[in-house]
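Visitor: Got protein.cif for you, mmCIF, C-alpha atoms:
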data_start
#
loop_
_atom_site.label_atom_id
_atom_site.label_comp_id
_atom_site.auth_asym_id
_atom_site.auth_seq_id
_atom_site.Cartn_x
_atom_site.Cartn_y
_atom_site.Cartn_z
CA MET A 1152 238.01 115.01 333.99
CA PHE A 1153 237.33 111.98 331.79
CA ASP A 1154 233.97 111.43 333.52
CA VAL A 1155 232.98 115.02 332.79
CA LEU A 1156 233.89 114.78 329.09
CA LEU A 1157 232.12 111.44 328.82
CA SER A 1158 228.96 112.81 330.47
CA ILE A 1159 228.90 115.76 328.05
CA ALA A 1160 229.35 113.47 325.03
CA ILE A 1161 226.66 111.02 326.17
CA SER A 1162 224.07 113.64 327.14
CA PHE A 1163 224.61 115.70 323.97
CA THR A 1164 224.43 112.67 321.67
CA ILE A 1165 221.31 111.15 323.23
CA THR A 1166 219.43 114.46 323.28
CA PHE A 1167 220.51 115.29 319.72
CA LEU A 1168 219.24 111.92 318.49
CA ALA A 1169 216.09 111.93 320.63
CA ILE A 1170 214.69 115.36 319.68
CA PRO A 1171 213.92 114.53 316.00
CA ALA A 1172 212.21 111.31 317.12
CA VAL A 1173 210.11 113.28 319.63
CA ILE A 1174 209.13 115.78 316.91
CA ASN A 1175 208.04 112.97 314.57
CA VAL A 1176 205.98 111.19 317.23
CA ALA A 1177 204.36 114.49 318.29
CA GLU A 1178 203.37 115.19 314.68
CA MET A 1179 201.84 111.74 314.30
CA LYS A 1180 199.93 111.98 317.59
CA LYS A 1181 199.08 115.70 317.14
CA LEU A 1182 200.70 116.67 320.45
CA PHE A 1183 201.08 120.40 319.88
CA ASP A 1184 201.09 123.62 321.87
CA MET A 1185 198.46 125.68 320.06
CA PRO A 1186 199.03 129.46 319.70
CA ASP A 1187 196.71 131.91 321.44
CA GLU A 1188 196.57 135.61 322.28
CA ARG A 1189 199.14 135.29 325.10
CA LYS A 1190 201.70 133.04 323.43
CA VAL A 1191 204.39 134.35 321.11
CA HIS A 1192 204.43 131.53 318.53
CA HIS A 1193 202.03 131.54 315.59
CA SER A 1194 202.00 127.89 314.55
CA PRO A 1195 201.46 124.59 316.41
CA ILE A 1196 204.75 123.37 317.97
CA THR A 1197 205.26 120.39 320.25
CA PRO A 1198 206.27 121.23 323.85
CA LEU A 1199 207.81 117.80 324.50
CA GLY A 1200 211.47 118.74 324.07
CA GLY A 1201 211.97 118.05 327.77
CA LEU A 1202 211.75 114.34 326.95
CA GLY A 1203 215.00 114.57 325.00
CA VAL A 1204 216.66 116.79 327.60
CA PHE A 1205 215.70 114.43 330.43
CA ALA A 1206 216.87 111.35 328.50
CA GLY A 1207 220.27 112.87 327.73
CA PHE A 1208 220.72 114.17 331.28
CA VAL A 1209 219.78 110.91 333.00
CA PHE A 1210 221.93 108.72 330.76
CA GLY A 1211 224.85 111.13 331.09
CA CYS A 1212 224.62 110.85 334.87
CA LEU A 1213 223.86 107.13 335.18
CA LEU A 1214 226.72 106.05 332.95
CA THR A 1215 229.40 108.20 334.61
CA LEU A 1216 228.46 108.69 338.28
CA HIS A 1217 229.49 106.26 341.02
CA PHE A 1218 226.40 106.09 343.20
CA ASN A 1219 228.00 103.68 345.68
CA GLN A 1220 230.55 106.37 346.57
CA TYR A 1221 228.09 109.29 346.56
CA PRO A 1222 224.71 107.94 347.75
CA ASP A 1223 223.08 111.38 347.90
CA LEU A 1224 223.14 111.57 344.08
CA GLN A 1225 220.54 108.82 343.74
CA TYR A 1226 218.05 111.05 345.54
CA PHE A 1227 218.69 113.86 343.08
CA MET A 1228 217.80 111.42 340.30
CA ALA A 1229 214.64 110.47 342.23
CA ALA A 1230 213.63 114.13 342.57
CA SER A 1231 214.32 114.64 338.86
CA LEU A 1232 212.05 111.69 338.08
CA VAL A 1233 209.22 113.25 340.12
CA ILE A 1234 209.67 116.53 338.27
CA PHE A 1235 209.84 114.71 334.92
CA PHE A 1236 206.44 113.02 335.34
CA LEU A 1237 204.95 116.21 336.79
CA GLY A 1238 206.09 118.26 333.80
CA LEU A 1239 205.15 115.58 331.26
CA LYS A 1240 201.59 115.37 332.57
CA ASP A 1241 201.30 119.15 332.50
CA ASP A 1242 202.59 119.31 328.92
CA ILE A 1243 200.10 116.70 327.69
CA LEU A 1244 197.01 117.07 329.90
CA ILE A 1245 197.58 120.35 331.84
CA ILE A 1246 197.34 120.11 335.62
CA SER A 1247 196.23 122.69 338.16
CA PRO A 1248 198.76 125.00 339.84
CA VAL A 1249 197.94 123.35 343.20
CA LYS A 1250 198.86 119.87 341.96
CA LYS A 1251 202.00 121.23 340.32
CA PHE A 1252 202.98 122.93 343.59
CA ILE A 1253 202.45 119.71 345.57
CA GLY A 1254 204.70 117.85 343.14
CA GLN A 1255 207.40 120.50 343.51
CA VAL A 1256 207.19 120.29 347.31
CA LEU A 1257 207.63 116.51 347.07
CA ALA A 1258 210.73 116.94 344.89
CA ALA A 1259 212.08 119.56 347.31
CA PHE A 1260 211.47 117.17 350.22
CA ILE A 1261 213.54 114.45 348.54
CA ILE A 1262 216.36 116.90 347.75
CA ILE A 1263 216.46 118.36 351.26
CA TYR A 1264 215.62 115.43 353.54
CA TYR A 1265 217.36 112.62 351.65
CA GLY A 1266 219.87 114.50 349.49
CA GLY A 1267 221.12 116.68 352.35
CA ILE A 1268 220.85 119.94 350.39
CA GLN A 1269 220.13 122.73 352.87
CA ILE A 1270 220.98 126.41 353.34
CA ARG A 1271 222.55 126.44 356.80
CA SER A 1272 224.22 129.86 356.74
CA MET A 1273 223.54 133.25 355.11
CA ASN A 1274 227.30 133.91 355.04
CA GLY A 1275 226.90 137.48 356.28
CA PHE A 1276 223.90 138.56 354.18
CA LEU A 1277 221.99 141.15 356.25
CA GLY A 1278 224.51 140.41 359.01
CA ILE A 1279 223.17 136.84 359.41
CA TYR A 1280 225.42 133.82 359.55
CA GLN A 1281 224.32 130.49 361.07
CA LEU A 1282 220.57 129.83 360.75
CA PRO A 1283 218.25 128.07 363.23
CA GLU A 1284 217.25 124.63 361.95
CA MET A 1285 213.56 125.42 361.36
CA PHE A 1286 214.28 128.69 359.57
CA SER A 1287 216.99 126.96 357.55
CA LEU A 1288 214.52 124.32 356.33
CA LEU A 1289 211.83 126.87 355.46
CA LEU A 1290 214.31 129.03 353.57
CA THR A 1291 215.63 126.01 351.65
CA TYR A 1292 212.13 124.87 350.64
CA PHE A 1293 211.34 128.41 349.50
CA ALA A 1294 214.60 128.70 347.53
CA VAL A 1295 214.17 125.33 345.80
CA ILE A 1296 210.57 125.99 344.75
CA VAL A 1297 211.32 129.54 343.56
CA VAL A 1298 214.30 128.40 341.46
CA ILE A 1299 212.26 125.54 339.96
CA ASN A 1300 209.46 127.93 338.98
CA SER A 1301 211.82 130.66 337.79
CA PHE A 1302 213.07 128.58 334.85
CA ASN A 1303 209.53 127.42 334.15
CA LEU A 1304 208.29 131.01 333.93
CA ILE A 1305 211.24 132.45 331.99
CA ASP A 1306 210.63 129.85 329.26
CA GLY A 1307 208.55 132.20 327.12
CA ILE A 1308 210.55 132.67 323.92
CA ASP A 1309 212.76 130.52 321.73
CA GLY A 1310 216.14 129.69 323.23
CA LEU A 1311 215.92 131.80 326.41
CA ALA A 1312 215.43 129.23 329.21
CA GLY A 1313 217.82 126.78 327.56
CA SER A 1314 220.53 129.43 327.11
CA LEU A 1315 220.23 130.68 330.69
CA GLY A 1316 220.28 127.09 331.94
CA LEU A 1317 223.35 126.35 329.82
CA LEU A 1318 225.13 129.43 331.22
CA SER A 1319 224.43 128.53 334.85
CA THR A 1320 225.26 124.82 334.58
CA VAL A 1321 228.56 125.49 332.80
CA ILE A 1322 229.62 127.98 335.50
CA PHE A 1323 228.64 125.65 338.35
CA GLY A 1324 230.32 122.73 336.59
CA ILE A 1325 233.59 124.59 336.08
CA TYR A 1326 233.69 125.63 339.73
CA PHE A 1327 232.93 122.15 341.12
CA LEU A 1328 235.47 120.62 338.75
CA ASN A 1329 238.32 122.76 340.08
CA VAL A 1330 237.78 123.33 343.80
CA ASN A 1331 237.73 119.85 345.34
CA PRO A 1332 237.95 116.26 344.04
CA ASN A 1333 234.91 115.39 346.17
CA MET A 1334 232.84 117.86 344.13
CA LEU A 1335 233.48 116.01 340.86
CA PRO A 1336 230.03 114.29 340.92
CA TYR A 1337 228.32 117.69 341.04
CA ALA A 1338 230.42 118.79 338.08
CA VAL A 1339 229.23 115.70 336.21
CA VAL A 1340 225.59 116.52 337.06
CA ALA A 1341 226.06 120.09 335.87
CA PHE A 1342 227.82 119.18 332.63
CA SER A 1343 225.36 116.37 331.86
CA LEU A 1344 222.54 118.90 331.87
CA ALA A 1345 224.69 121.40 329.94
CA GLY A 1346 225.34 118.81 327.21
CA SER A 1347 221.62 118.05 326.92
CA LEU A 1348 220.70 121.74 326.75
CA LEU A 1349 223.35 122.42 324.11
CA ALA A 1350 221.87 119.71 321.86
CA PHE A 1351 218.32 120.91 322.56
CA LEU A 1352 219.13 124.51 321.63
CA ILE A 1353 220.05 123.40 318.11
CA PHE A 1354 216.33 122.71 317.59
CA ASN A 1355 214.98 125.48 319.83
CA PHE A 1356 216.45 128.69 318.46
CA GLN A 1357 214.10 130.80 316.35
CA PRO A 1358 212.37 129.48 314.37
CA ALA A 1359 211.93 126.76 316.98
CA LYS A 1360 211.04 123.24 315.90
CA ILE A 1361 210.28 122.19 319.47
CA PHE A 1362 209.80 123.67 322.96
CA MET A 1363 211.24 122.22 326.16
CA GLY A 1364 207.85 122.54 327.88
CA ASP A 1365 207.33 122.09 331.60
CA THR A 1366 209.13 118.74 331.42
CA GLY A 1367 212.37 120.46 330.47
CA SER A 1368 212.06 123.80 332.26
CA LEU A 1369 211.14 122.23 335.61
CA LEU A 1370 214.07 119.82 335.27
CA VAL A 1371 216.47 122.69 334.55
CA GLY A 1372 215.13 124.56 337.57
CA THR A 1373 215.43 121.51 339.84
CA ILE A 1374 219.06 120.80 338.94
CA ASN A 1375 220.00 124.48 339.23
CA ALA A 1376 218.35 124.63 342.67
CA ILE A 1377 220.55 121.73 343.80
CA LEU A 1378 223.68 123.22 342.27
CA VAL A 1379 223.24 126.77 343.59
CA ILE A 1380 222.63 125.67 347.19
CA LYS A 1381 225.57 123.30 347.04
CA PHE A 1382 227.68 126.10 345.57
CA ILE A 1383 226.74 128.53 348.35
CA ASN A 1384 227.63 125.98 351.03
CA VAL A 1385 230.86 124.73 349.45
CA ALA A 1386 232.32 127.97 348.10
CA ASN A 1387 232.53 129.54 351.55
CA SER A 1388 233.97 126.49 353.31
CA GLU A 1389 237.57 126.09 354.39
CA ASP A 1390 238.36 122.86 352.51
CA VAL A 1391 238.16 124.21 348.94
CA SER A 1392 241.07 125.46 346.86
CA PHE A 1393 239.20 128.58 345.70
CA ARG A 1394 237.12 130.14 348.46
CA ILE A 1395 234.45 132.76 347.70
CA ALA A 1396 233.46 134.74 350.79
CA SER A 1397 230.33 136.23 349.16
CA SER A 1398 229.11 132.93 347.72
CA PRO A 1399 225.38 133.79 348.19
CA ALA A 1400 225.87 136.92 346.08
CA VAL A 1401 227.67 135.02 343.31
CA GLY A 1402 225.14 132.18 343.35
CA PHE A 1403 222.26 134.65 343.30
CA THR A 1404 223.79 136.50 340.35
CA ILE A 1405 224.30 133.31 338.33
CA LEU A 1406 220.50 132.84 338.43
CA MET A 1407 219.77 136.57 338.36
CA VAL A 1408 217.51 136.86 335.29
CA PRO A 1409 215.08 133.99 335.99
CA LEU A 1410 215.02 134.64 339.75
CA LEU A 1411 214.44 138.39 339.77
CA ASP A 1412 212.00 138.32 336.86
CA THR A 1413 209.94 135.63 338.60
CA LEU A 1414 209.89 137.49 341.92
CA ARG A 1415 208.95 140.72 340.09
CA VAL A 1416 206.08 139.06 338.18
CA PHE A 1417 204.84 137.27 341.31
CA GLY A 1418 204.82 140.64 343.11
CA ILE A 1419 202.81 142.30 340.31
CA ARG A 1420 200.24 139.51 340.28
CA MET A 1421 199.74 139.49 344.05
CA PHE A 1422 199.56 143.31 344.09
CA ASN A 1423 196.70 143.00 341.60
CA ARG A 1424 195.06 140.37 343.84
CA ARG A 1425 195.70 137.52 341.42
CA SER A 1426 197.28 134.13 341.87
CA PRO A 1427 201.08 134.32 341.48
CA PHE A 1428 200.77 131.36 339.06
CA SER A 1429 198.19 133.04 336.80
CA PRO A 1430 199.47 133.74 333.25
CA ASP A 1431 200.14 137.23 331.90
CA ARG A 1432 202.53 139.15 329.64
CA ASN A 1433 204.60 140.99 332.25
CA HIS A 1434 207.86 139.04 331.91
CA ILE A 1435 210.96 140.86 330.78
CA HIS A 1436 210.98 139.02 327.46
CA HIS A 1437 207.41 140.17 326.81
CA LEU A 1438 208.46 143.77 327.43
CA LEU A 1439 211.31 143.41 324.94
CA LEU A 1440 209.03 141.69 322.40
CA ASP A 1441 206.68 144.66 322.61
CA LYS A 1442 209.61 146.88 321.66
CA GLY A 1443 210.08 144.87 318.48
CA PHE A 1444 213.12 142.76 319.39
CA SER A 1445 213.40 139.27 317.91
CA HIS A 1446 213.66 136.09 319.97
CA LYS A 1447 217.36 135.72 319.14
CA ALA A 1448 218.11 139.35 320.05
CA ILE A 1449 216.28 139.08 323.40
CA THR A 1450 218.02 135.82 324.28
CA PHE A 1451 221.44 137.21 323.37
CA PHE A 1452 220.78 140.43 325.30
CA LEU A 1453 219.57 138.77 328.52
CA VAL A 1454 222.28 136.09 328.52
CA THR A 1455 224.92 138.79 327.91
CA VAL A 1456 223.56 140.93 330.75
CA ASN A 1457 223.52 137.91 333.06
CA ALA A 1458 227.08 136.92 332.11
CA ALA A 1459 228.32 140.52 332.54
CA MET A 1460 226.77 140.75 336.01
CA ILE A 1461 228.31 137.41 337.01
CA THR A 1462 231.72 138.70 335.94
CA LEU A 1463 231.32 141.96 337.88
CA VAL A 1464 230.14 140.26 341.07
CA PHE A 1465 232.88 137.65 340.82
CA LEU A 1466 235.52 140.38 340.51
CA ALA A 1467 233.97 142.13 343.54
CA ARG A 1468 233.53 138.88 345.51
CA ASN A 1469 235.52 140.19 348.48
CA LEU A 1470 233.03 143.00 349.11
CA ASN A 1471 230.16 142.74 351.57
CA CYS A 1472 227.59 140.11 350.53
CA THR A 1473 224.62 142.35 351.32
CA VAL A 1474 226.01 145.21 349.23
CA LEU A 1475 226.61 142.93 346.25
CA ILE A 1476 223.13 141.37 346.29
CA PHE A 1477 221.31 144.69 346.63
CA SER A 1478 223.51 146.18 343.90
CA VAL A 1479 222.50 143.36 341.54
CA ILE A 1480 218.83 143.90 342.41
CA ALA A 1481 219.14 147.66 341.86
CA ILE A 1482 220.82 147.23 338.46
CA PHE A 1483 218.22 144.67 337.31
CA PHE A 1484 215.24 146.83 338.27
CA SER A 1485 216.89 149.90 336.77
CA LEU A 1486 217.07 147.94 333.52
CA ILE A 1487 213.39 147.01 333.84
CA GLY A 1488 212.52 150.66 334.47
CA LEU A 1489 214.48 151.71 331.38
CA ILE A 1490 212.63 149.15 329.26
CA TYR A 1491 209.28 150.38 330.59
CA TYR A 1492 210.25 153.99 329.91
CA MET A 1493 211.26 153.22 326.33
CA ARG A 1494 208.12 151.27 325.48
CA PRO A 1495 206.26 152.63 322.43
CA ALA A 1496 203.22 154.76 323.26
CA PRO A 1497 199.81 153.22 322.42
CA ARG A 1498 198.30 154.36 319.16
CA LEU A 1499 194.68 155.49 318.78
CA PHE A 1500 192.61 153.98 315.98
CA VAL A 1501 189.08 154.85 314.78
CA ALA A 1502 187.04 152.23 312.97
CA LYS A 1503 184.84 153.33 310.06
CA ARG A 1504 181.48 151.54 310.04
CA GLY A 1505 179.72 150.24 306.96
CA ALA A 1506 176.47 151.64 305.60
CA GLU A 1507 174.41 149.14 307.57
CA LYS A 1508 176.00 150.45 310.83
CA SER A 1509 176.91 146.97 311.96
CA ALA A 1510 178.38 146.60 315.42
CA HIS A 1511 181.25 144.58 313.96
CA LEU A 1512 184.00 145.61 311.58
CA THR A 1513 183.62 144.55 307.96
CA LYS A 1514 186.32 143.88 305.43
CA ALA A 1515 185.69 147.29 303.86
CA SER A 1516 186.39 149.08 307.12
CA LYS A 1517 189.57 151.09 307.44
CA LEU A 1518 191.76 151.84 310.45
CA VAL A 1519 192.72 155.49 310.53
CA THR A 1520 195.42 156.89 312.81
CA LEU A 1521 194.46 160.25 314.27
CA ALA A 1522 197.20 162.79 314.79
CA LYS A 1523 197.09 165.02 317.89
CA ASP A 1524 196.06 168.11 315.87
CA THR A 1525 193.14 166.26 314.27
CA MET A 1526 191.83 165.12 317.66
CA LEU A 1527 192.08 168.63 319.06
CA GLU A 1528 190.16 170.06 316.13
CA GLN A 1529 187.38 167.51 316.60
CA ASN A 1530 187.17 168.28 320.29
CA ASN A 1531 186.89 172.01 319.60
#
Any chance you could put this one into C-alpha cells?
Guide:
Amino acid sequence: MFDVLLSIAISFTITFLAIPAVINVAEMKKLFDMPDERKVHHSPITPLGGLGVFAGFVFGCLLTLHFNQYPDLQYFMAASLVIFFLGLKDDILIISPVKKFIGQVLAAFIIIYYGGIQIRSMNGFLGIYQLPEMFSLLLTYFAVIVVINSFNLIDGIDGLAGSLGLLSTVIFGIYFLNVNPNMLPYAVVAFSLAGSLLAFLIFNFQPAKIFMGDTGSLLVGTINAILVIKFINVANSEDVSFRIASSPAVGFTILMVPLLDTLRVFGIRMFNRRSPFSPDRNHIHHLLLDKGFSHKAITFFLVTVNAAMITLVFLARNLNCTVLIFSVIAIFFSLIGLIYYMRPAPRLFVAKRGAEKSAHLTKASKLVTLAKDTMLEQNN
C-alpha cells in the first residue's frame, strides 16, 4: 500500500511541476497546435502535455517498482518509451498514419512477446473459451492497437481523454491492489498513470492551457491495453480473492466509451471508402458539441455514463458474458442514435449580393433566414 501511495505522490508532483515548464518552453519555441475548421479550439495551444504525463508516470514507476522481482515490468517501460517518442515526433513534426501504425505494432510486440501479455481465453464470450495460439496472438495484437488508438481518437475536447483514462486506471488499480499480493506492481503502474493524469487535468479542463497530444493519449492507451488484458486474465483465475466470471465484459465496459466510439468511427470511414485513420467530425463528442454542450458538460456526461455502465455490469457480473457485452453495445449505440435524432436541423440562409453582383459576399451582405411559408410562396 505504501508503494501505491508513494507512486501517486511522485507522479502527481512531477507532472504538476513539469506542465508549467512545458507551457513556457512551448511559448518560447512557438510549438503550438493551430486551430482549423475541424478542431474545436480557437487559439494556439501547445499539444506537448504528454511530456509531463510521461515524466510523472515513469518516475512514479521507476522509484517504487522492484524490477528484479517482476522482470516483465521493464518491457512495459520499454514499450512506453517507444510510444513516447512516436507520439512526440507526431506532435512536433506530424508523421504518416503508416509510420504511426508501425510504431504501435512494435510497442505491441514488446508487450506481448517480452511482457507476456496475451489474451488466451474468451472466458465464454460467444461460447468460446481457450484460444488457439495463433488466433490468440492475432486477437491480442488487434486489441492492443485498438485500445492505443481509441484514447488517441477520443482526445478531441478538453479533459475528456484524461478523465476517461483516470477513471479506468483507478478502477484497474483498485482491483489489482485487493485481489492478490502478486498484482501489486500492476496497481502501482495504474496509480502512477492516474496520479499523472490527475495533475494534468488541472491544466487541461476548459479553458485548456495545454493538450496531452499524441504523446499523452498514446501512452494512456498503451498502459490501459496492458491493464485490461491483465485484468481479463487475472480476474477469472482461481488464485484471486475476488473472482469475476465475466471479466471480458467488465474489462470491455471499463473502456466502453473510447473503444466503441473508435470502432463506430472506423466503421463509418471504411463504409465511405476512406482510411480509418483519416480525420473527421463523427466522434461522439463532436455530435454533442453540435448540440451546444460545453467541453465540461460533455466530459462529465460521458464519464458519468461510462461509470454508470461499469457499475451495472459489475453488479450483473454473474450473468452470461456474451449477454453483458452485447447489452453494453446496444445501450451505447442507442445513446448515439438518440443524439443523432436530437441534432438540430440545418438552417437555410440566402446571401444578398451587392450592386456589383460580386461572386463573393461583402461586408454589407446580410444573411436572411427563410421560414417555410416564405419558401413555399416563392416556389408558387
Visitor: Please write the residues picked by the PyMOL selection byres ((chain A and resi 1415) around 12) on this file as a ChimeraX atom specification.
Guide: /A:1297,1301,1304-1305,1407-1414,1416-1422,1427,1433-1435,1480,1483-1484,1487-1488
Visitor: Using Å and a single decimal, report how far CA of Lys1381 in chain A sits from CA of Tyr1226 in chain A.
Guide: 14.5 Å
Visitor: Suppose a student applies the PyMOL selection byres ((chain A and resi 1329-1342) around 7) to this structure; what residues should they get, written as a ChimeraX atom specification?
Guide: /A:1154-1155,1158-1159,1212,1216,1320-1321,1323-1328,1343-1346,1391-1393
Visitor: If we count all atoms listed in the file and set the cut-off at 7 Å, which residues sit around Gln1255 in chain A, ignoring sequence neighbours fewer than 3 positions away in its own chain? Please answer as number ranges by chain.
Guide: A: 1234, 1251-1252, 1258-1259, 1296
Visitor: Quick one: pull the distance between CA of Met1285 in chain A and CA of Arg1271 in chain A, Å, one decimal.
Guide: 10.1 Å
Visitor: With the PyMOL selection byres ((chain A and resi 1235-1247) around 8) as the selection, what would be picked from this file? Answer as JSON, numbers by chain, please.
Guide: {"A": [1182, 1198, 1199, 1202, 1205, 1231, 1232, 1233, 1234, 1248, 1249, 1250, 1251, 1254, 1364, 1365, 1366, 1367, 1369, 1370]}
Visitor: Taking all atoms of range 1290-1303 of chain A that appear in the file, build a box with edges along x, y and z, extend it by 5 Å on every side, and state its centre and edge lengths in Å to one decimal, as JSON.
Guide:
{"center_x": 212.5, "center_y": 127.8, "center_z": 343.9, "size_x": 16.2, "size_y": 15.8, "size_z": 29.4}
Visitor: Looking at all atoms listed in the file, which of A:Ile1374, A:Leu1463, A:Lys1447, A:Glu1284 is the one that sits closest to Val1209 in chain A?
Guide: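 Checking each of A:Ile1374, A:Leu1463, A:Lys1447, A:Glu1284 against Val1209 in chain A, counting all atoms listed in the file, the winner is A:Ile1374.
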Visitor: From the set A:Gly1316, A:Gly1200, A:Gly1275, A:Gly1307, which residue has the shortest atom-to-atom contact distance to Asn1469 in chain A, counting only C-alpha atoms?
Guide: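 The shortest atom-to-atom distance to Asn1469 in chain A comes from A:Gly1275.
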